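**Q** Provided below: my_file.cif, containing mmCIF, C-alpha atoms.
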data_run
loop_
_atom_site.label_atom_id
_atom_site.label_comp_id
_atom_site.auth_asym_id
_atom_site.auth_seq_id
_atom_site.Cartn_x
_atom_site.Cartn_y
_atom_site.Cartn_z
CA MET S 47 33.86 189.12 216.79
CA ASN S 48 34.11 186.30 214.32
CA ASN S 49 31.53 183.55 215.14
CA LYS S 50 31.73 181.82 211.78
CA GLY S 51 33.46 178.73 213.09
CA THR S 52 30.79 178.08 215.70
CA GLU S 53 27.90 178.39 213.18
CA GLN S 54 29.53 175.81 210.87
CA ILE S 55 29.86 173.30 213.72
CA ILE S 56 26.18 173.80 214.60
CA SER S 57 25.24 173.31 210.91
CA VAL S 58 27.00 169.95 210.89
CA TYR S 59 25.10 168.98 214.02
CA TRP S 60 21.86 170.15 212.44
CA PHE S 61 22.32 167.93 209.41
CA ALA S 62 23.28 165.04 211.65
CA ILE S 63 20.00 165.55 213.55
CA LEU S 64 18.08 165.70 210.27
CA ILE S 65 19.63 162.44 209.17
CA ILE S 66 18.89 160.78 212.52
CA VAL S 67 15.26 161.94 212.33
CA ALA S 68 14.93 160.76 208.71
CA VAL S 69 16.35 157.35 209.61
CA GLY S 70 14.04 157.14 212.62
CA ILE S 71 10.93 157.99 210.60
CA SER S 72 11.91 155.53 207.87
CA ALA S 73 12.37 152.84 210.48
CA MET S 74 8.91 153.61 211.90
CA VAL S 75 7.32 153.43 208.46
CA PHE S 76 9.00 150.17 207.56
CA THR S 77 8.13 148.67 210.95
CA PHE S 78 4.47 149.62 210.56
CA TYR S 79 3.97 148.64 206.93
CA ASP S 80 6.04 145.49 207.17
CA HIS S 81 3.43 143.96 209.46
CA PRO S 82 0.83 142.04 207.47
CA TYR S 83 -2.89 142.22 208.22
CA ASP S 84 -3.96 139.39 210.51
CA VAL S 85 -7.18 137.92 209.15
CA ARG S 86 -6.94 134.50 210.77
CA GLU S 87 -9.67 135.01 213.34
CA LEU S 88 -12.02 136.18 210.63
CA GLU S 89 -11.09 133.19 208.50
CA ALA S 90 -11.59 130.80 211.44
CA ASP S 91 -14.98 132.37 212.05
CA ILE S 92 -16.00 131.84 208.44
CA LEU S 93 -14.77 128.24 208.62
CA MET S 94 -16.86 127.67 211.74
CA ASN S 95 -19.90 129.10 209.96
CA LYS S 96 -19.38 126.75 207.03
CA VAL S 97 -18.97 123.72 209.31
CA ALA S 98 -22.23 124.60 211.04
CA ASP S 99 -23.90 124.81 207.62
CA CYS S 100 -22.45 121.42 206.81
CA ILE S 101 -23.55 119.66 210.01
CA SER S 102 -27.04 120.98 210.42
CA GLU S 103 -29.54 121.45 207.63
CA HIS S 104 -32.68 123.16 208.90
CA GLY S 105 -31.84 122.00 212.43
CA VAL S 106 -31.34 118.35 211.44
CA ILE S 107 -27.95 116.67 211.43
CA LYS S 108 -27.02 115.22 208.04
CA LYS S 109 -27.40 111.48 207.69
CA GLU S 110 -23.78 111.20 206.55
CA ILE S 111 -22.80 112.24 210.08
CA ILE S 112 -25.46 110.49 212.18
CA ASN S 113 -27.51 107.99 210.17
CA ASP S 114 -31.24 107.32 210.42
CA LYS S 115 -30.58 104.74 213.17
CA GLY S 116 -28.85 107.34 215.31
CA GLU S 117 -25.38 105.87 214.75
CA PHE S 118 -22.42 108.22 214.46
CA GLN S 119 -20.55 107.73 211.17
CA ARG S 120 -17.04 108.23 212.56
CA ASP S 121 -15.28 107.80 209.24
CA PHE S 122 -17.09 110.45 207.23
CA ASP S 123 -14.75 112.61 205.17
CA MET S 124 -15.23 116.16 206.42
CA GLU S 125 -13.52 117.79 203.44
CA GLU S 126 -15.68 115.93 200.98
CA LEU S 127 -18.94 116.30 202.84
CA CYS S 128 -18.51 119.98 203.66
CA ASN S 129 -16.84 120.89 200.37
CA PHE S 130 -13.58 122.05 201.85
CA ASN S 131 -10.10 122.07 200.40
CA PHE S 132 -7.61 122.20 203.24
CA LYS S 133 -4.61 122.20 200.94
CA ALA S 134 -2.94 125.62 201.11
CA PRO S 135 -0.51 125.87 198.17
CA ASP S 136 0.96 129.10 199.53
CA PHE S 137 2.05 127.17 202.64
CA SER S 138 3.21 124.01 200.91
CA SER S 139 6.65 124.24 202.52
CA GLU S 140 5.18 124.27 206.04
CA ILE S 141 5.23 121.09 208.13
CA HIS S 142 1.72 121.52 209.45
CA GLY S 143 -1.62 121.92 207.74
CA GLN S 144 -3.18 125.35 207.94
CA TYR S 145 -6.73 124.51 208.95
CA TYR S 146 -8.34 122.62 211.81
CA VAL S 147 -11.88 121.77 212.76
CA LEU S 148 -13.15 119.97 215.86
CA ILE S 149 -16.84 119.09 216.11
CA THR S 150 -17.89 117.87 219.56
CA PHE S 151 -21.27 116.24 219.99
CA ASN S 152 -22.67 116.37 223.52
CA ASP S 153 -26.04 115.45 224.93
CA PRO S 154 -28.39 118.32 225.87
CA ASN S 155 -26.82 118.42 229.36
CA GLY S 156 -23.35 118.90 227.94
CA ASN S 157 -22.03 115.37 228.48
CA PHE S 158 -19.56 114.32 225.83
CA LEU S 159 -20.75 111.75 223.29
CA PHE S 160 -18.31 111.75 220.37
CA ASP S 161 -16.24 114.11 218.30
CA LYS S 162 -14.77 114.45 214.85
CA GLU S 163 -11.63 116.26 213.75
CA GLY S 164 -10.66 117.63 210.36
CA GLY S 165 -7.45 119.24 209.15
CA ASP S 166 -4.26 119.26 211.19
CA ASN S 167 -4.87 118.45 214.88
CA TYR S 168 -1.59 120.15 215.76
CA MET S 169 -3.76 123.21 216.30
CA ARG S 170 -6.04 121.52 218.84
CA THR S 171 -3.75 122.14 221.81
CA LEU S 172 -2.82 125.59 220.53
CA CYS S 173 -6.44 126.70 220.28
CA PHE S 174 -7.21 125.41 223.77
CA ALA S 175 -4.05 127.11 225.05
CA LYS S 176 -5.09 130.34 223.36
CA GLU S 177 -8.29 130.37 225.41
CA LYS S 178 -6.21 130.38 228.57
CA ILE S 179 -3.24 132.48 227.49
CA ALA S 180 -5.16 134.90 225.23
CA GLU S 181 -2.08 136.52 223.69
CA GLY S 182 0.54 135.01 221.43
CA VAL S 183 0.78 136.08 217.82
CA THR S 184 2.24 132.81 216.64
CA LEU S 185 -0.79 130.94 217.97
CA PRO S 186 -3.43 130.19 215.33
CA GLY S 187 -6.57 132.23 214.82
CA CYS S 188 -9.34 130.24 216.50
CA ALA S 189 -13.10 130.51 216.72
CA LYS S 190 -15.51 128.56 218.88
CA ALA S 191 -19.29 128.45 219.04
CA GLY S 192 -22.15 126.09 219.78
CA LEU S 193 -25.47 125.13 218.32
CA PHE S 194 -28.28 122.73 218.97
CA ALA S 195 -29.46 120.11 216.49
CA VAL S 196 -31.44 116.88 216.27
CA ASP S 197 -30.70 113.73 214.33
CA LEU S 198 -33.11 111.81 212.10
CA THR S 199 -34.39 109.80 215.08
CA GLY S 200 -35.26 113.00 216.95
CA LYS S 201 -32.42 112.69 219.46
CA GLN S 202 -31.05 116.05 220.55
CA TYR S 203 -27.41 117.13 220.52
CA SER S 204 -25.58 120.16 221.76
CA ILE S 205 -22.76 120.67 219.30
CA GLU S 206 -19.54 122.65 219.78
CA ILE S 207 -17.47 123.71 216.82
CA LEU S 208 -13.87 124.77 217.21
CA SER S 209 -12.04 126.00 214.12
CA GLY S 210 -8.44 127.11 213.71
CA VAL S 211 -6.42 128.79 210.98
CA LEU S 212 -2.63 128.79 211.26
CA LYS S 213 -1.15 130.70 208.25
CA THR S 214 1.34 132.43 210.54
CA THR S 215 3.85 133.66 207.97
CA LYS S 216 1.24 135.61 206.02
CA ASN S 217 -0.57 137.10 208.98
CA VAL S 218 2.10 137.82 211.51
CA ARG S 219 5.58 139.25 211.28
CA VAL S 220 7.65 136.50 212.86
CA MET I 37 42.52 190.84 233.83
CA CYS I 38 44.25 187.43 233.58
CA GLY I 39 41.99 185.97 236.26
CA TYR I 40 38.94 187.07 234.34
CA ASN I 41 39.84 184.84 231.34
CA PHE I 42 40.44 181.81 233.58
CA TYR I 43 36.99 181.91 235.15
CA ASN I 44 34.65 182.89 232.34
CA LYS I 45 34.58 180.01 229.80
CA ARG I 46 31.16 178.61 230.74
CA ALA I 47 29.26 179.85 227.67
CA GLU I 48 31.29 177.75 225.18
CA ILE I 49 30.89 174.51 227.12
CA GLY I 50 27.17 175.22 227.60
CA THR I 51 26.52 175.44 223.84
CA THR I 52 28.14 172.07 223.13
CA MET I 53 26.37 170.34 226.02
CA THR I 54 23.02 171.67 224.81
CA TRP I 55 23.44 169.93 221.47
CA VAL I 56 24.61 166.68 223.04
CA ILE I 57 21.65 166.56 225.39
CA ALA I 58 19.29 167.53 222.55
CA THR I 59 20.67 164.73 220.38
CA ILE I 60 20.18 162.20 223.16
CA ILE I 61 16.62 163.38 223.78
CA ILE I 62 15.79 163.24 220.08
CA VAL I 63 17.18 159.71 219.78
CA ILE I 64 15.22 158.55 222.85
CA MET I 65 12.01 160.11 221.48
CA LEU I 66 12.55 158.42 218.12
CA LEU I 67 13.01 155.07 219.86
CA ILE I 68 9.77 155.62 221.80
CA PHE I 69 7.92 156.45 218.57
CA LEU I 70 9.47 153.40 216.90
CA LEU I 71 8.14 151.25 219.72
CA GLY I 72 4.76 152.92 219.31
CA ALA I 73 4.76 152.20 215.57
CA SER I 74 5.60 148.59 216.26
CA LEU I 75 2.74 148.27 218.76
CA LEU I 76 0.33 149.95 216.34
CA ALA I 77 1.40 147.50 213.65
CA LYS I 78 0.41 144.62 215.92
CA LEU I 79 -3.10 146.07 216.01
CA LYS I 80 -3.47 145.43 212.27
CA LYS I 81 -5.77 142.62 213.06
CA THR I 82 -9.28 142.22 211.72
CA GLU I 83 -11.56 141.79 214.69
CA VAL I 84 -14.68 139.77 214.50
CA ALA I 85 -16.77 142.28 216.42
CA GLY I 86 -19.85 140.59 217.80
CA GLY I 87 -19.79 138.03 215.05
CA ASN I 88 -20.33 140.72 212.44
CA LEU I 89 -18.46 140.03 209.24
CA PHE I 90 -18.42 142.23 206.18
CA VAL I 91 -21.89 141.37 204.95
CA THR I 92 -24.74 143.79 205.24
CA SER I 93 -27.47 141.27 205.80
CA ASP I 94 -28.09 141.02 209.52
CA TYR I 95 -29.05 137.34 209.58
CA MET I 96 -25.70 136.42 208.03
CA ARG I 97 -23.81 137.48 211.16
CA THR I 98 -21.86 134.51 212.50
CA ASP I 99 -23.45 134.35 215.94
CA LYS I 100 -26.96 134.85 214.56
CA TRP I 101 -26.44 132.26 211.84
CA LEU I 102 -25.63 129.52 214.36
CA ASN I 103 -28.51 130.66 216.58
CA THR I 104 -30.85 130.42 213.60
CA LYS I 105 -29.89 126.77 213.24
CA THR I 106 -30.56 126.22 216.94
CA ALA I 107 -33.93 127.90 216.52
CA MET I 108 -34.80 125.56 213.64
CA ALA I 109 -33.93 122.56 215.82
CA TYR I 110 -36.12 124.04 218.56
CA LEU I 111 -39.08 124.31 216.19
CA ILE I 112 -38.91 120.71 214.95
CA THR I 113 -38.09 118.93 218.21
CA SER I 114 -40.76 117.65 220.61
CA ASN I 115 -38.66 118.12 223.75
CA LYS I 116 -38.41 121.92 223.70
CA GLY I 117 -37.43 122.15 227.37
CA SER I 118 -33.85 120.98 226.88
CA VAL I 119 -33.33 123.42 224.01
CA GLU I 120 -34.67 126.25 226.15
CA ASN I 121 -32.33 125.27 228.99
CA TRP I 122 -29.38 125.13 226.63
CA ALA I 123 -30.26 128.47 225.09
CA GLU I 124 -30.61 130.05 228.52
CA LYS I 125 -27.24 128.66 229.59
CA ASN I 126 -25.66 130.09 226.43
CA LYS I 127 -27.49 133.43 226.74
CA ILE I 128 -29.42 133.00 223.49
CA ASP I 129 -32.87 134.55 223.16
CA LEU I 130 -34.80 131.99 221.13
CA GLU I 131 -37.84 134.27 220.96
CA GLU I 132 -35.88 136.54 218.65
CA TYR I 133 -35.64 133.73 216.09
CA VAL I 134 -38.92 131.87 216.42
CA LYS I 135 -41.51 134.65 216.47
CA MET U 253 20.43 204.80 214.35
CA ASN U 254 19.62 202.40 211.54
CA LYS U 255 17.54 199.53 212.92
CA LYS U 256 16.33 198.34 209.56
CA GLY U 257 16.35 194.55 209.44
CA GLU U 258 17.75 192.75 206.47
CA ILE U 259 16.95 189.33 205.14
CA LEU U 260 19.94 187.10 205.72
CA VAL U 261 20.47 184.92 202.67
CA GLY U 262 22.01 182.18 204.75
CA ASN U 263 18.94 181.90 206.97
CA VAL U 264 16.55 181.91 204.01
CA VAL U 265 18.48 179.12 202.31
CA PHE U 266 18.48 177.19 205.57
CA ILE U 267 14.70 177.51 205.94
CA ILE U 268 14.09 176.52 202.30
CA LEU U 269 16.29 173.45 202.68
CA ASN U 270 14.36 172.45 205.81
CA VAL U 271 11.04 172.84 204.00
CA ILE U 272 12.32 170.72 201.10
CA TYR U 273 13.51 168.09 203.56
CA LEU U 274 10.14 167.97 205.32
CA SER U 275 8.30 167.80 202.00
CA ILE U 276 10.40 164.84 200.90
CA LEU U 277 9.66 163.13 204.21
CA VAL U 278 5.92 163.72 203.90
CA ILE U 279 5.83 162.49 200.27
CA PHE U 280 7.79 159.41 201.31
CA LEU U 281 5.31 158.67 204.10
CA TYR U 282 2.36 159.19 201.78
CA THR U 283 3.70 156.87 199.07
CA GLN U 284 4.45 154.10 201.57
CA GLY U 285 0.76 153.89 202.49
CA SER U 286 -0.27 153.11 198.94
CA GLY U 287 2.64 150.78 198.34
CA VAL U 288 2.31 147.88 195.95
CA LYS U 289 2.87 145.21 198.57
CA ILE U 290 0.18 146.47 200.92
CA VAL U 291 -2.46 146.89 198.24
CA GLU U 292 -1.71 143.43 196.80
CA GLU U 293 -2.01 141.87 200.26
CA THR U 294 -5.26 143.67 201.05
CA TYR U 295 -6.96 142.67 197.82
CA ALA U 296 -5.76 139.06 197.89
CA LYS U 297 -6.96 138.49 201.45
CA GLU U 298 -10.25 140.27 200.86
CA ILE U 299 -11.02 138.19 197.77
CA ALA U 300 -10.00 134.92 199.44
CA LEU U 301 -12.20 135.60 202.46
CA LEU U 302 -15.14 136.58 200.28
CA VAL U 303 -14.77 133.36 198.31
CA ASP U 304 -14.63 131.41 201.58
CA TYR U 305 -17.84 133.02 202.74
CA SER U 306 -19.72 132.52 199.47
CA GLN U 307 -21.84 129.67 198.27
CA PRO U 308 -22.32 128.34 194.75
CA GLY U 309 -24.72 130.55 192.86
CA MET U 310 -23.50 133.74 194.47
CA PHE U 311 -21.50 136.47 192.82
CA PHE U 312 -19.84 139.62 194.10
CA TYR U 313 -17.82 142.44 192.62
CA LEU U 314 -14.88 144.35 193.99
CA ASP U 315 -13.92 147.93 193.28
CA MET U 316 -10.34 147.75 191.98
CA GLY U 317 -9.80 151.48 191.47
CA LYS U 318 -6.69 151.64 193.62
CA ALA U 319 -5.23 148.55 191.98
CA TYR U 320 -6.04 149.95 188.54
CA ASP U 321 -4.01 153.12 189.22
CA ILE U 322 -0.99 151.24 190.53
CA ALA U 323 -1.10 148.65 187.75
CA GLU U 324 -1.33 151.34 185.11
CA GLU U 325 1.77 153.08 186.51
CA ARG U 326 3.65 149.80 186.36
CA ASN U 327 2.37 148.70 182.94
CA VAL U 328 0.42 145.73 184.24
CA ASP U 329 -2.67 144.76 182.28
CA PHE U 330 -5.88 145.26 184.28
CA ASP U 331 -7.04 141.80 183.18
CA LYS U 332 -3.97 140.23 184.71
CA ILE U 333 -4.21 141.79 188.16
CA VAL U 334 -6.22 138.97 189.75
CA SER U 335 -5.61 135.34 188.88
CA LYS U 336 -6.59 132.03 190.39
CA ASP U 337 -4.87 128.67 190.50
CA GLU U 338 -6.90 125.88 192.18
CA ASN U 339 -7.67 127.45 195.56
CA LEU U 340 -5.07 130.19 195.42
CA ILE U 341 -5.86 133.83 194.66
CA THR U 342 -2.96 135.92 193.36
CA VAL U 343 -2.97 139.69 192.99
CA THR U 344 -0.14 141.18 190.92
CA LEU U 345 0.33 144.90 190.56
CA ASP U 346 3.98 144.92 189.56
CA SER U 347 5.44 142.22 187.36
CA SER U 348 8.90 143.74 186.95
CA ASN U 349 11.87 141.55 187.94
CA ASN U 350 9.56 138.52 187.61
CA ARG U 351 7.60 139.48 190.73
CA LYS U 352 4.79 137.05 191.44
CA GLY U 353 2.48 139.34 193.43
CA TYR U 354 0.74 138.28 196.62
CA SER U 355 -1.14 135.00 197.00
CA TYR U 356 -3.63 133.80 199.59
CA SER U 357 -5.48 130.50 199.64
CA PHE U 358 -9.12 129.83 200.41
CA PHE U 359 -10.66 126.64 201.87
CA ASN U 360 -14.04 126.70 200.11
CA ASN U 361 -13.96 123.99 197.45
CA VAL U 362 -15.76 125.93 194.73
CA ASN U 363 -15.01 127.12 191.25
CA VAL U 364 -14.42 130.86 191.03
CA VAL U 365 -15.00 132.57 187.70
CA ILE U 366 -13.13 135.85 187.55
CA THR U 367 -14.36 138.51 185.14
CA PRO U 368 -12.50 141.83 184.93
CA GLN U 369 -14.44 144.88 183.78
CA LYS U 370 -11.84 147.47 182.88
CA GLU U 371 -14.25 150.32 182.04
CA LYS U 372 -15.82 150.17 185.47
CA LYS U 373 -12.50 149.26 187.20
CA ILE U 374 -14.16 146.30 188.92
CA TYR U 375 -13.68 142.57 189.08
CA VAL U 376 -16.73 140.30 189.17
CA PHE U 377 -16.39 136.96 190.94
CA SER U 378 -18.96 134.23 190.28
CA ILE U 379 -19.03 131.21 192.56
CA GLU U 380 -19.92 127.87 190.99
CA GLU U 381 -19.99 124.31 192.20
CA LYS U 382 -16.91 122.30 191.40
#
Starting from the file, give its structure as structure tokens.
**A**
Amino acid sequence: MNNKGTEQIISVYWFAILIIVAVGISAMVFTFYDHPYDVRELEADILMNKVADCISEHGVIKKEIINDKGEFQRDFDMEELCNFNFKAPDFSSEIHGQYYVLITFNDPNGNFLFDKEGGDNYMRTLCFAKEKIAEGVTLPGCAKAGLFAVDLTGKQYSIEILSGVLKTTKNVRV
Amino acid sequence: MCGYNFYNKRAEIGTTMTWVIATIIIVIMLLIFLLGASLLAKLKKTEVAGGNLFVTSDYMRTDKWLNTKTAMAYLITSNKGSVENWAEKNKIDLEEYVK
Amino acid sequence: MNKKGEILVGNVVFIILNVIYLSILVIFLYTQGSGVKIVEETYAKEIALLVDYSQPGMFFYLDMGKAYDIAEERNVDFDKIVSKDENLITVTLDSSNNRKGYSYSFFNNVNVVITPQKEKKIYVFSIEEK
């Protein structure tokens, strides 16, 4: 019996399967490696660390922030005081800034006294939303922590630092 | 003899159907793996596990660094009670930093 | 009765072709992992984050062995792999077709002095006040 015809049809099918599998594996590889590494949370954490360093020196709030009369210096330049450069040349075409810092000064019981923002406050709502929603890759990487400090008059403050890093295009595949 | 040929053609159809079904199963499996690869890619995120960054020195951990500053404030302030209350509320063990 | 089996040439060729196909697939997967784009991105982000974390007076070095191998394949000078412009770190492992490598910015307003050490395949980064 001559089965040659049938074997040739199966061979064509076999190569078609091989091609489908190769295309599928290539697609998987490209999908996986096309995703960038998301380091925004780490970056926001480092930023928060640096802000804490900037605010409190050996447990005492810098006089540029709260002077020796206990008065909050609202207009202090955060970038200058803390030695930051919030310009991100690799995101110059973006509408929004890529960094955000919110320092909230409360009394020891947690009652709000005053706050100071730095960077682009577009991220303020997004970071608060992130706390509630938790997921959302296009939301910024945010970090939040608190510390205790005293001013030069000895008055105590409970301070909350919220930092955010946007940089979506380089950390997320949109 | 003629009737026999009419009724026994099942084997040929079976072979073709096997390959069609196999192709469909392979394509579905590839799509599942593609979805899996996409989900794995989303996990390419550096976690800040317990405030531990990539430094070896323990005191440079983010959470411990901020707590160190709180501990310094605790040492210099006269009203230690409010700092202790705050630390308790935020689950910070000041003893770890001030001993 | 002669039951001696014989090697069918067609089947052998078929198996060999399948093995070649699988080998090509495995090599392809392996090379994707050490692709230029991924290595550039990893190094640029790592350096930028380390600079962010540092303070003036600190220095750190980075093992650039992987980058060295890729750059050598693509005729890129080891000294030109990492560059800095203001607060932007750029890592370039392939400069063909006027490729600009991968850049990532840092927020720490410091001066970074970059010193390549080709013999040891490392880059030394010294952080200074601006």
**Q** With only C-alpha atoms as the atoms that count, which of U:Val364, U:Ile279, U:Ile268, U:Ala323 lies nearest to U:Glu292?
**A**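 When distances to U:Glu292 are compared using only C-alpha atoms, the smallest one comes from U:Ala323.
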**Q** What does the structure give for the distance between atom CA of S:Lys133 and atom CA of S:Arg86, in Å to one decimal?
**A**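 Atom CA of S:Arg86 lies 15.9 Å from atom CA of S:Lys133.
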**Q** I need the residue nearest S:Met74 from this list: I:Val119, I:Ala73, I:Ile62, I:Ile68. Use all atoms listed in the file for the distance.
**A** I:Ala73
**Q** Quote the spacing between atom CA of S:Val211 and atom CA of U:Tyr313 in Å to one decimal place.
**A**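 Between atom CA of S:Val211 and atom CA of U:Tyr313 the gap works out to 25.6 Å.
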**Q** Wanna dump the chain U-chain I contacts at 12 Å for me, each residue with its shortest atom pair and the distance in Å to one decimal, counting only C-alpha atoms, ordered by chain and number, as JSON lines?
**A**
{"residue": "U:Ile290", "atom": "CA", "partner": "I:Lys80", "partner_atom": "CA", "distance": 12.0}
{"residue": "U:Thr294", "atom": "CA", "partner": "I:Thr82", "partner_atom": "CA", "distance": 11.5}
{"residue": "U:Lys297", "atom": "CA", "partner": "I:Thr82", "partner_atom": "CA", "distance": 11.2}
{"residue": "U:Glu298", "atom": "CA", "partner": "I:Phe90", "partner_atom": "CA", "distance": 9.9}
{"residue": "U:Ile299", "atom": "CA", "partner": "I:Phe90", "partner_atom": "CA", "distance": 11.9}
{"residue": "U:Leu301", "atom": "CA", "partner": "I:Phe90", "partner_atom": "CA", "distance": 9.8}
{"residue": "U:Leu302", "atom": "CA", "partner": "I:Phe90", "partner_atom": "CA", "distance": 8.8}
{"residue": "U:Tyr305", "atom": "CA", "partner": "I:Val91", "partner_atom": "CA", "distance": 9.5}
{"residue": "U:Ser306", "atom": "CA", "partner": "I:Val91", "partner_atom": "CA", "distance": 10.6}
{"residue": "U:Phe312", "atom": "CA", "partner": "I:Val91", "partner_atom": "CA", "distance": 11.2}
**Q** What is the distance, in Å and to one decimal place, between atom CA of U:Tyr295 and atom CA of U:Glu324?
**A**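 Going from atom CA of U:Tyr295 over to atom CA of U:Glu324 covers 16.4 Å.
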